[in-house]
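Quick look at final_17.cif (mmCIF, C-alpha atoms):
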data_structure
#
loop_
_atom_site.label_atom_id
_atom_site.label_comp_id
_atom_site.auth_asym_id
_atom_site.auth_seq_id
_atom_site.Cartn_x
_atom_site.Cartn_y
_atom_site.Cartn_z
CA MET A 1 7.54 15.23 15.88
CA TRP A 2 5.55 12.81 13.69
CA ALA A 3 2.60 15.21 13.32
CA PHE A 4 5.05 17.98 12.49
CA LEU A 5 6.63 15.88 9.73
CA VAL A 6 3.19 15.05 8.32
CA LEU A 7 2.34 18.76 8.28
CA ILE A 8 5.64 19.57 6.57
CA GLY A 9 4.94 16.84 3.98
CA ALA A 10 1.46 18.22 3.30
CA ALA A 11 2.83 21.76 3.07
CA VAL A 12 5.51 20.71 0.58
CA ALA A 13 2.87 18.87 -1.45
CA SER A 14 0.48 21.82 -1.59
CA ALA A 15 3.33 24.23 -2.37
CA HIS A 16 4.26 22.04 -5.33
CA LEU A 17 0.71 22.06 -6.60
CA GLN A 18 0.68 25.84 -6.64
CA ASP A 19 3.57 26.08 -9.09
CA LEU A 20 2.99 26.32 -12.80
CA ALA A 21 5.10 23.38 -13.97
CA PHE A 22 2.38 22.13 -16.34
CA ASP A 23 0.85 25.43 -17.41
CA GLY A 24 -0.16 25.20 -21.06
CA HIS A 25 0.76 21.51 -21.40
CA LYS A 26 -1.78 19.79 -23.62
CA VAL A 27 -2.92 16.18 -23.89
CA PHE A 28 -3.85 15.12 -27.41
CA ARG A 29 -5.75 12.09 -28.65
CA VAL A 30 -5.16 10.87 -32.20
CA ILE A 31 -6.22 7.72 -34.00
CA PRO A 32 -3.72 7.20 -36.82
CA GLN A 33 -5.52 5.67 -39.78
CA ASN A 34 -2.55 4.11 -41.59
CA ASP A 35 1.18 3.47 -41.42
CA GLU A 36 1.91 6.91 -42.83
CA GLN A 37 0.08 8.58 -39.93
CA VAL A 38 1.82 6.27 -37.44
CA GLU A 39 5.11 7.49 -38.94
CA ILE A 40 4.06 11.10 -38.27
CA ILE A 41 3.64 10.31 -34.58
CA HIS A 42 7.06 8.60 -34.56
CA SER A 43 8.67 11.65 -36.14
CA LEU A 44 6.97 13.92 -33.58
CA ALA A 45 8.39 11.83 -30.76
CA SER A 46 11.87 11.91 -32.26
CA LYS A 47 11.80 15.72 -32.57
CA MET A 48 10.48 16.67 -29.13
CA GLN A 49 9.71 15.40 -25.65
CA VAL A 50 6.42 13.50 -25.93
CA ASP A 51 4.91 11.86 -22.84
CA PHE A 52 2.86 8.90 -24.08
CA TRP A 53 -0.09 8.18 -21.78
CA GLN A 54 -1.63 5.42 -23.84
CA PRO A 55 0.02 3.36 -25.16
CA ASP A 56 2.97 4.14 -22.93
CA TYR A 57 5.66 3.64 -25.59
CA VAL A 58 5.85 5.17 -29.08
CA LYS A 59 6.90 1.87 -30.69
CA LEU A 60 3.53 0.37 -29.73
CA VAL A 61 1.56 2.89 -31.81
CA LYS A 62 -0.20 1.23 -34.73
CA PRO A 63 -3.00 2.12 -37.18
CA LYS A 64 -6.55 2.50 -35.76
CA MET A 65 -5.20 2.64 -32.19
CA GLN A 66 -6.25 5.39 -29.82
CA VAL A 67 -3.12 7.33 -28.81
CA ASP A 68 -3.05 9.81 -25.92
CA PHE A 69 0.06 11.92 -25.38
CA ARG A 70 1.19 15.06 -23.56
CA VAL A 71 3.37 17.82 -24.93
CA GLU A 72 4.80 20.90 -23.27
CA ALA A 73 3.27 24.35 -23.76
CA ASP A 74 5.88 25.68 -26.20
CA LYS A 75 5.39 22.65 -28.48
CA ALA A 76 1.59 22.47 -28.45
CA LEU A 77 1.02 24.82 -31.41
CA GLU A 78 3.69 23.08 -33.46
CA VAL A 79 2.02 19.71 -32.79
CA GLU A 80 -1.43 21.00 -33.75
CA HIS A 81 0.00 22.52 -36.92
CA LEU A 82 1.76 19.29 -37.90
CA LEU A 83 -1.33 17.14 -37.24
CA LYS A 84 -3.54 19.49 -39.26
CA GLU A 85 -1.06 19.70 -42.11
CA SER A 86 -0.72 15.90 -42.20
CA LYS A 87 -4.52 15.51 -42.04
CA VAL A 88 -4.33 13.45 -38.86
CA ASP A 89 -7.59 13.73 -36.94
CA TYR A 90 -7.01 14.76 -33.36
CA LYS A 91 -8.77 16.13 -30.35
CA VAL A 92 -7.41 17.97 -27.35
CA LEU A 93 -8.32 15.87 -24.29
CA ILE A 94 -6.82 18.27 -21.75
CA ASP A 95 -6.29 21.86 -22.86
CA ASN A 96 -4.23 22.95 -19.86
CA LEU A 97 -2.71 20.27 -17.67
CA GLN A 98 -2.09 22.70 -14.82
CA THR A 99 -5.83 23.45 -14.59
CA ALA A 100 -6.60 19.71 -14.60
CA LEU A 101 -3.98 19.19 -11.90
CA HIS A 102 -5.68 21.69 -9.60
CA ALA A 103 -9.11 20.29 -10.48
CA GLN A 104 -8.07 16.87 -9.10
CA PHE A 105 -8.49 18.27 -5.60
CA ASP A 106 -12.23 18.83 -5.87
CA SER A 107 -13.24 16.65 -2.91
CA LYS A 108 -15.75 18.27 -0.59
CA VAL A 109 -14.57 16.08 2.30
CA ARG A 110 -12.99 18.18 5.03
CA SER A 111 -9.89 16.54 6.40
CA THR A 112 -6.39 17.52 7.43
CA GLY A 113 -5.20 13.94 8.01
CA HIS A 114 -5.77 10.74 6.09
CA SER A 115 -9.02 10.45 4.14
CA TYR A 116 -10.40 7.63 1.99
CA GLU A 117 -11.95 10.17 -0.37
CA LYS A 118 -8.81 12.21 -0.96
CA TYR A 119 -5.40 11.52 -2.41
CA ASN A 120 -3.06 10.97 0.53
CA THR A 121 0.64 11.78 0.71
CA TRP A 122 3.01 8.93 1.51
CA GLU A 123 3.41 10.26 5.08
CA GLN A 124 -0.36 10.05 5.54
CA ILE A 125 -0.45 6.52 4.09
CA VAL A 126 2.36 5.32 6.40
CA ALA A 127 0.59 6.70 9.48
CA TRP A 128 -2.65 5.07 8.26
CA THR A 129 -1.02 1.63 7.88
CA ALA A 130 0.11 1.81 11.52
CA ASP A 131 -3.28 3.07 12.75
CA ILE A 132 -5.43 0.53 10.88
CA ALA A 133 -3.31 -2.35 12.21
CA ALA A 134 -3.33 -0.97 15.77
CA GLN A 135 -7.10 -0.43 15.74
CA ASN A 136 -7.94 -3.86 14.26
CA PRO A 137 -5.42 -6.28 15.80
CA SER A 138 -7.59 -9.36 15.22
CA LEU A 139 -7.95 -8.59 11.49
CA VAL A 140 -4.91 -6.60 10.34
CA SER A 141 -1.17 -6.87 10.84
CA ARG A 142 1.61 -4.79 9.29
CA SER A 143 5.06 -6.00 8.26
CA VAL A 144 7.97 -4.73 6.17
CA ILE A 145 8.96 -6.80 3.14
CA GLY A 146 11.94 -4.76 1.98
CA GLU A 147 12.93 -1.22 1.21
CA THR A 148 12.92 1.13 -1.75
CA TYR A 149 15.92 2.46 -3.66
CA GLU A 150 15.85 5.58 -1.45
CA GLY A 151 15.66 3.45 1.70
CA ARG A 152 11.96 3.65 2.62
CA PRO A 153 10.28 0.59 4.17
CA LEU A 154 7.84 -1.33 1.97
CA TYR A 155 4.85 -1.85 4.27
CA LEU A 156 2.58 -4.82 3.68
CA LEU A 157 -0.79 -5.28 5.38
CA LYS A 158 -2.12 -8.77 6.04
CA LEU A 159 -5.91 -8.99 6.43
CA GLY A 160 -7.86 -11.96 7.72
CA LYS A 161 -8.94 -13.82 10.85
CA SER A 162 -6.19 -16.05 12.16
CA GLY A 163 -6.59 -19.67 11.11
CA THR A 164 -4.59 -22.68 9.98
CA ASN A 165 -3.67 -23.58 6.40
CA LYS A 166 -5.32 -20.47 4.96
CA LYS A 167 -4.83 -19.65 1.31
CA ALA A 168 -4.16 -16.06 0.31
CA ILE A 169 -4.73 -13.38 -2.31
CA PHE A 170 -1.99 -10.84 -2.99
CA MET A 171 -2.98 -7.34 -4.13
CA ASP A 172 -0.75 -4.38 -4.89
CA CYS A 173 -1.25 -0.76 -5.86
CA GLY A 174 0.93 2.13 -6.98
CA PHE A 175 3.30 0.46 -9.45
CA HIS A 176 3.35 3.57 -11.61
CA ALA A 177 3.86 6.71 -9.57
CA ARG A 178 1.38 8.98 -11.35
CA GLU A 179 -1.57 6.55 -11.15
CA TRP A 180 -2.89 8.03 -7.88
CA ILE A 181 -6.30 6.33 -7.99
CA SER A 182 -4.50 3.00 -7.60
CA PRO A 183 -3.17 3.44 -4.01
CA ALA A 184 -6.52 5.05 -3.16
CA PHE A 185 -8.18 1.71 -4.00
CA CYS A 186 -5.85 -0.38 -1.82
CA GLN A 187 -6.65 1.88 1.13
CA TRP A 188 -10.38 1.68 0.37
CA PHE A 189 -10.26 -2.12 0.20
CA VAL A 190 -8.65 -2.35 3.65
CA LYS A 191 -11.21 0.09 5.09
CA GLU A 192 -14.10 -1.96 3.66
CA ALA A 193 -12.61 -5.19 4.99
CA VAL A 194 -12.39 -3.93 8.57
CA GLU A 195 -15.64 -1.93 8.51
CA THR A 196 -17.88 -4.60 6.97
CA TYR A 197 -16.41 -7.70 8.62
CA GLY A 198 -19.23 -9.25 10.64
CA THR A 199 -22.02 -7.44 8.76
CA ASP A 200 -21.32 -8.15 5.07
CA SER A 201 -21.66 -11.90 4.59
CA THR A 202 -19.28 -12.13 1.61
CA MET A 203 -16.52 -10.06 3.21
CA THR A 204 -16.92 -11.98 6.49
CA LYS A 205 -16.64 -15.32 4.68
CA LEU A 206 -13.61 -14.12 2.69
CA LEU A 207 -11.70 -12.88 5.75
CA ASN A 208 -12.57 -16.01 7.73
CA SER A 209 -11.39 -18.30 4.94
CA LEU A 210 -8.62 -16.39 3.18
CA ASP A 211 -5.79 -13.98 3.95
CA PHE A 212 -5.29 -10.86 1.87
CA TYR A 213 -1.82 -9.39 1.47
CA VAL A 214 -2.14 -5.74 0.49
CA LEU A 215 0.87 -3.68 -0.63
CA PRO A 216 -0.59 -0.15 -0.61
CA VAL A 217 2.19 1.45 -2.71
CA VAL A 218 4.88 -0.46 -4.61
CA ASN A 219 6.76 2.50 -6.07
CA ILE A 220 6.97 4.70 -2.96
CA ASP A 221 9.92 6.85 -4.09
CA GLY A 222 8.18 7.61 -7.38
CA TYR A 223 4.88 8.34 -5.62
CA ILE A 224 6.55 10.88 -3.32
CA TYR A 225 8.24 12.45 -6.34
CA THR A 226 4.82 12.99 -7.98
CA TRP A 227 3.82 15.05 -4.93
CA THR A 228 7.03 17.05 -4.62
CA ASN A 229 8.59 17.42 -8.07
CA ASP A 230 6.75 16.02 -11.08
CA ARG A 231 3.11 14.94 -10.98
CA MET A 232 3.59 13.03 -14.25
CA TRP A 233 6.48 10.84 -13.06
CA ARG A 234 5.96 7.13 -13.74
CA LYS A 235 9.11 5.13 -12.96
CA THR A 236 11.14 4.31 -9.86
CA ARG A 237 13.85 6.75 -8.73
CA SER A 238 16.91 4.52 -9.03
CA LYS A 239 20.04 5.86 -10.71
CA ASN A 240 21.07 4.20 -13.97
CA THR A 241 24.75 3.50 -14.55
CA GLY A 242 26.13 5.48 -17.46
CA SER A 243 23.00 7.57 -17.92
CA ILE A 244 21.73 10.87 -16.57
CA CYS A 245 18.18 9.50 -16.87
CA VAL A 246 16.63 8.21 -13.66
CA GLY A 247 14.33 5.29 -12.94
CA THR A 248 13.05 1.99 -14.29
CA ASP A 249 9.48 1.04 -15.13
CA PRO A 250 8.79 -1.45 -12.32
CA ASN A 251 6.09 -3.13 -14.40
CA ARG A 252 8.62 -4.00 -17.13
CA ASN A 253 11.15 -5.30 -14.59
CA PHE A 254 9.85 -8.83 -13.93
CA ASN A 255 11.26 -12.00 -15.43
CA ALA A 256 8.38 -12.65 -17.83
CA GLY A 257 9.51 -12.20 -21.42
CA TRP A 258 11.74 -9.51 -19.92
CA CYS A 259 12.59 -6.60 -22.23
CA THR A 260 11.17 -8.14 -25.38
CA LEU A 261 7.84 -6.67 -26.56
CA GLY A 262 6.65 -3.24 -25.44
CA ALA A 263 9.61 -2.42 -23.21
CA SER A 264 12.62 -0.23 -23.85
CA ARG A 265 16.33 -0.74 -23.24
CA SER A 266 16.90 3.00 -23.03
CA PRO A 267 17.06 4.39 -19.46
CA CYS A 268 15.53 7.63 -20.72
CA ASP A 269 12.29 5.95 -21.84
CA SER A 270 9.28 5.66 -19.56
CA THR A 271 9.08 1.90 -20.26
CA TYR A 272 12.75 1.21 -19.49
CA CYS A 273 12.99 -2.45 -18.43
CA GLY A 274 15.97 -1.96 -16.08
CA SER A 275 19.46 -3.41 -16.25
CA ALA A 276 18.18 -6.94 -15.48
CA PRO A 277 14.97 -8.63 -14.24
CA GLU A 278 14.29 -7.53 -10.63
CA SER A 279 17.05 -4.92 -10.80
CA GLU A 280 14.73 -2.67 -8.78
CA LYS A 281 14.67 -3.18 -5.03
CA GLU A 282 10.89 -2.73 -5.03
CA THR A 283 10.18 -5.41 -7.65
CA LYS A 284 12.68 -7.80 -6.06
CA ALA A 285 11.05 -7.41 -2.62
CA LEU A 286 7.61 -8.09 -4.09
CA ALA A 287 8.84 -11.09 -6.11
CA ASP A 288 10.77 -12.50 -3.13
CA PHE A 289 7.69 -12.27 -0.91
CA ILE A 290 5.49 -14.02 -3.47
CA ARG A 291 8.10 -16.75 -4.06
CA GLU A 292 8.30 -17.36 -0.30
CA HIS A 293 4.50 -17.71 -0.09
CA LEU A 294 3.83 -19.51 -3.38
CA SER A 295 2.24 -22.49 -1.67
CA THR A 296 -0.50 -20.27 -0.19
CA ILE A 297 -1.00 -17.40 -2.69
CA LYS A 298 -3.73 -18.43 -5.13
CA ALA A 299 -4.56 -15.11 -6.77
CA TYR A 300 -2.63 -11.99 -7.73
CA LEU A 301 -4.39 -8.66 -8.33
CA THR A 302 -2.52 -5.56 -9.42
CA ILE A 303 -4.24 -2.18 -9.69
CA HIS A 304 -3.30 0.42 -12.33
CA SER A 305 -4.96 3.27 -14.24
CA TYR A 306 -6.33 4.42 -16.66
CA SER A 307 -8.60 2.94 -19.37
CA GLN A 308 -11.25 0.79 -17.63
CA LEU A 309 -9.89 -2.65 -18.42
CA LEU A 310 -9.66 -5.98 -16.65
CA LEU A 311 -6.67 -7.83 -18.08
CA PHE A 312 -5.20 -11.27 -17.57
CA PRO A 313 -2.11 -13.02 -19.07
CA TYR A 314 -0.44 -12.76 -21.35
CA SER A 315 1.00 -9.36 -22.16
CA TYR A 316 4.47 -10.50 -23.24
CA THR A 317 3.14 -12.86 -25.91
CA TYR A 318 0.03 -13.12 -28.07
CA THR A 319 -0.29 -16.76 -27.05
CA HIS A 320 -3.26 -17.48 -24.78
CA PRO A 321 -2.55 -18.93 -21.32
CA LYS A 322 -3.65 -22.51 -20.68
CA ASP A 323 -6.40 -21.23 -18.34
CA TYR A 324 -7.69 -18.76 -20.94
CA SER A 325 -11.35 -19.81 -20.96
CA GLU A 326 -11.64 -19.81 -17.16
CA LEU A 327 -9.85 -16.46 -16.74
CA ASN A 328 -11.95 -14.95 -19.52
CA ALA A 329 -15.18 -16.13 -17.87
CA ILE A 330 -14.11 -14.70 -14.49
CA ALA A 331 -13.15 -11.37 -16.09
CA SER A 332 -16.50 -11.24 -17.89
CA ALA A 333 -18.48 -11.82 -14.69
CA ALA A 334 -16.29 -9.47 -12.63
CA THR A 335 -16.71 -6.59 -15.10
CA GLN A 336 -20.49 -7.15 -15.07
CA LYS A 337 -20.43 -6.84 -11.27
CA LEU A 338 -18.35 -3.69 -11.57
CA SER A 339 -20.64 -2.00 -14.06
CA SER A 340 -23.77 -2.92 -12.10
CA LEU A 341 -23.24 0.02 -9.73
CA TYR A 342 -22.60 3.08 -11.91
CA ASN A 343 -22.78 1.54 -15.37
CA THR A 344 -19.04 2.05 -15.86
CA LYS A 345 -18.06 0.06 -18.94
CA TYR A 346 -14.98 -2.15 -18.74
CA VAL A 347 -13.32 -4.15 -21.50
CA TYR A 348 -11.63 -7.43 -20.55
CA GLY A 349 -9.24 -9.92 -22.10
CA PRO A 350 -5.57 -10.92 -22.34
CA GLY A 351 -3.21 -7.95 -22.04
CA ALA A 352 -1.38 -8.19 -25.36
CA THR A 353 -4.49 -8.16 -27.53
CA THR A 354 -6.78 -6.09 -25.30
CA ILE A 355 -4.48 -3.12 -24.70
CA TYR A 356 -0.96 -3.63 -26.14
CA PRO A 357 1.99 -6.00 -25.73
CA ALA A 358 4.16 -5.31 -22.69
CA ALA A 359 6.88 -7.64 -21.45
CA GLY A 360 8.12 -7.92 -17.88
CA GLY A 361 4.79 -7.31 -16.14
CA SER A 362 4.03 -8.54 -12.64
CA ASP A 363 0.76 -10.27 -13.63
CA ASP A 364 2.41 -12.43 -16.30
CA TRP A 365 5.25 -13.22 -13.91
CA ALA A 366 2.83 -14.24 -11.12
CA TYR A 367 0.90 -16.45 -13.55
CA ASP A 368 4.11 -18.13 -14.73
CA GLN A 369 4.99 -18.78 -11.07
CA GLY A 370 1.84 -20.90 -10.90
CA ILE A 371 -0.64 -18.32 -9.53
CA LYS A 372 -3.55 -19.14 -11.81
CA TYR A 373 -5.85 -16.24 -10.95
CA SER A 374 -3.75 -13.29 -12.04
CA PHE A 375 -5.49 -10.04 -13.03
CA THR A 376 -4.62 -6.42 -13.78
CA PHE A 377 -7.21 -3.70 -13.26
CA GLU A 378 -6.92 -0.45 -15.22
CA LEU A 379 -9.27 1.85 -13.29
CA ARG A 380 -11.14 4.97 -14.42
CA ASP A 381 -11.31 6.79 -16.66
CA THR A 382 -10.96 6.46 -20.43
CA GLY A 383 -8.99 9.66 -20.97
CA ASN A 384 -10.99 12.78 -20.09
CA TYR A 385 -8.89 13.09 -16.94
CA GLY A 386 -6.36 10.32 -17.55
CA PHE A 387 -3.94 10.20 -14.62
CA LEU A 388 -5.59 13.25 -13.03
CA LEU A 389 -8.86 11.65 -11.94
CA PRO A 390 -10.64 14.11 -9.61
CA GLU A 391 -10.98 13.21 -5.94
CA SER A 392 -14.78 13.32 -6.29
CA GLN A 393 -14.44 10.10 -8.34
CA ILE A 394 -12.40 8.18 -5.74
CA LYS A 395 -15.45 6.87 -3.86
CA PRO A 396 -17.48 5.66 -6.89
CA THR A 397 -14.35 4.21 -8.53
CA CYS A 398 -13.44 2.29 -5.39
CA GLU A 399 -17.01 1.15 -4.70
CA GLU A 400 -17.42 -0.39 -8.16
CA THR A 401 -13.92 -1.91 -8.22
CA LEU A 402 -14.58 -3.51 -4.82
CA LEU A 403 -17.53 -5.43 -6.33
CA ALA A 404 -15.25 -6.97 -8.96
CA VAL A 405 -12.49 -7.77 -6.45
CA LYS A 406 -14.96 -9.43 -4.07
CA TYR A 407 -16.38 -11.45 -6.96
CA ILE A 408 -12.90 -12.67 -7.97
CA ALA A 409 -11.93 -13.46 -4.35
CA ASP A 410 -15.18 -15.39 -3.80
CA TYR A 411 -14.59 -17.34 -7.02
CA VAL A 412 -11.01 -18.16 -5.95
CA LEU A 413 -12.26 -19.38 -2.57
CA ASP A 414 -14.71 -21.74 -4.32
CA HIS A 415 -12.06 -22.95 -6.78
CA LEU A 416 -8.94 -23.45 -4.70
CA TYR A 417 -6.30 -25.57 -6.35
#
Translate the structure of the given file into structure tokens.
Amino acid sequence: MWAFLVLIGAAVASAHLQDLAFDGHKVFRVIPQNDEQVEIIHSLASKMQVDFWQPDYVKLVKPKMQVDFRVEADKALEVEHLLKESKVDYKVLIDNLQTALHAQFDSKVRSTGHSYEKYNTWEQIVAWTADIAAQNPSLVSRSVIGETYEGRPLYLLKLGKSGTNKKAIFMDCGFHAREWISPAFCQWFVKEAVETYGTDSTMTKLLNSLDFYVLPVVNIDGYIYTWTNDRMWRKTRSKNTGSICVGTDPNRNFNAGWCTLGASRSPCDSTYCGSAPESEKETKALADFIREHLSTIKAYLTIHSYSQLLLFPYSYTYTHPKDYSELNAIASAATQKLSSLYNTKYVYGPGATTIYPAAGGSDDWAYDQGIKYSFTFELRDTGNYGFLLPESQIKPTCEETLLAVKYIADYVLDHLY
């Protein structure tokens, strides 16, 4: 029965990818030079459906900022005409989103089931969480920390050799549904932990001395929806009272400057902050778990995409955190480790100034709970593929990111507080 359901899930997924939902959709990049050009982008967004990729909210657009956005096929010519007429420099990053969507699946790895070098459906990820725990009982255990809006269990993996008084690092992936490279990294990290324990001295030391809590996908309902209905979906799938628009941005739903800067109160916006902090079952389950384990969790790592950044608090305020110089030094060293493998360039710094202000994020919340080492990764790339990073880049992306994560974990172990 289980195998049959997995097959059905895969069939539904591939059927969805054959349709032409995104045929002719274009992704533009503009860098508005002044307030007047910013106003042009605002007026575009008020006239038509614009999906902002970066920044993720139109109100964050400011002069000299790189702005990536998607428009539907029937609006693409109108947008080009308006940008030309207004003398706004632009380039087309993705000429046909449907083509890019198919091109994601370029992996040469042959596999019908779960694969670390392919994007896996939620059914495949669930089966994998059970398998990896069953095959590595002395290193991995699986628990459920809550359920999603649609009633799916939130599976958490705990990695580490059993020991007393161990401190822990919490890592999550898949906050935003369309950021597929993110869950791919959580799976890769677990694989590396179990495969290199006993041979890699750093990993062995880390697993002997620390526990890792890994939440492979936070926004499960949204992730499934990106496979079945809308590859570009970002939010959760909860219903909003009094609105036909569905979902909340889970990374604007934490009680850290909630719904102030860079978040929207409109349920139809992609950065909707929700009806209250932790209104989403997924964010509440994550926050509850961390609160229950605050005495042991010493670092919080959350994995997003895209733009090749390593961020630390704060995003909800321009004020630097009290541990600014230490966090900045760690981020500097971690990005050097990361780029040592494939020369992938990362920028690092506090969220608000390095990317854009965004209130209600999990990293700021974790830091304010007293978890000093709180970091957000924005993985590859810088916009050529955006959220549609090809499968052929999963392995190199995960390999380089692992170097940075191991560096941070090793640092935390040496600087427990």
(request) Grab the CA of Pro183 in chain A to CA of Arg234 in chain A distance for me, in Å with one decimal place. (result) 13.8 Å
(message) So, with all atoms listed in the file as the atoms that count, which of A:Trp188, A:Tyr213, A:Tyr411, A:Trp258 lies closest to Ser279 in chain A?
(response)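 Nearest to Ser279 in chain A: A:Trp258.
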Output the residue selection produced by the PyMOL selection byres ((chain A and resi 97-99) around 6) on the file above, formatted as a PDB file with C-alpha atoms, in the coordinates of the input.
ATOM      1  CA  PHE A  22       2.380  22.130 -16.340  1.00  0.00           C
ATOM      2  CA  ASP A  23       0.850  25.430 -17.410  1.00  0.00           C
ATOM      3  CA  HIS A  25       0.760  21.510 -21.400  1.00  0.00           C
ATOM      4  CA  ASN A  96      -4.230  22.950 -19.860  1.00  0.00           C
ATOM      5  CA  ALA A 100      -6.600  19.710 -14.600  1.00  0.00           C
ATOM      6  CA  LEU A 101      -3.980  19.190 -11.900  1.00  0.00           C
ATOM      7  CA  HIS A 102      -5.680  21.690  -9.600  1.00  0.00           C
TER       8      HIS A 102
END
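Distance-wise, CA of Leu379 in chain A and CA of Thr401 in chain A end up 7.8 Å apart.
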(message) What's the separation between CA of Ile31 in chain A and CA of Gln336 in chain A, in Å to one decimal place?
(response) 28.0 Å
(message) Given only C-alpha atoms as the basis, pick out the residue of A:Arg29, A:Lys395, A:His293, A:His304 nearest to Glu80 in chain A.
(response)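 Selected residue with least distance to Glu80 in chain A: A:Arg29.
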Can you tell me, as a PDB file with C-alpha atoms, in the frame of the given file, what residues are no more than 10 Å from Gly198 in chain A when counting all atoms listed in the file, ignoring any on the same chain fewer than 5 positions away?
ATOM      1  CA  ALA A 193     -12.610  -5.190   4.990  1.00  0.00           C
ATOM      2  CA  MET A 203     -16.520 -10.060   3.210  1.00  0.00           C
ATOM      3  CA  THR A 204     -16.920 -11.980   6.490  1.00  0.00           C
ATOM      4  CA  LYS A 205     -16.640 -15.320   4.680  1.00  0.00           C
ATOM      5  CA  LEU A 207     -11.700 -12.880   5.750  1.00  0.00           C
ATOM      6  CA  ASN A 208     -12.570 -16.010   7.730  1.00  0.00           C
TER       7      ASN A 208
END
(message) Translate the PyMOL selection byres ((chain A and resi 86) around 12) into a concrete residue list for this structure, as a ChimeraX atom specification.
(response) /A:32-34,36-41,43-44,79-85,87-90
(message) Restricting the calculation to all atoms listed in the file: of A:Ala133, A:Cys173, A:Ala168, A:Ala276, which residue gets closest to Ile290 in chain A?
(response) A:Ala168
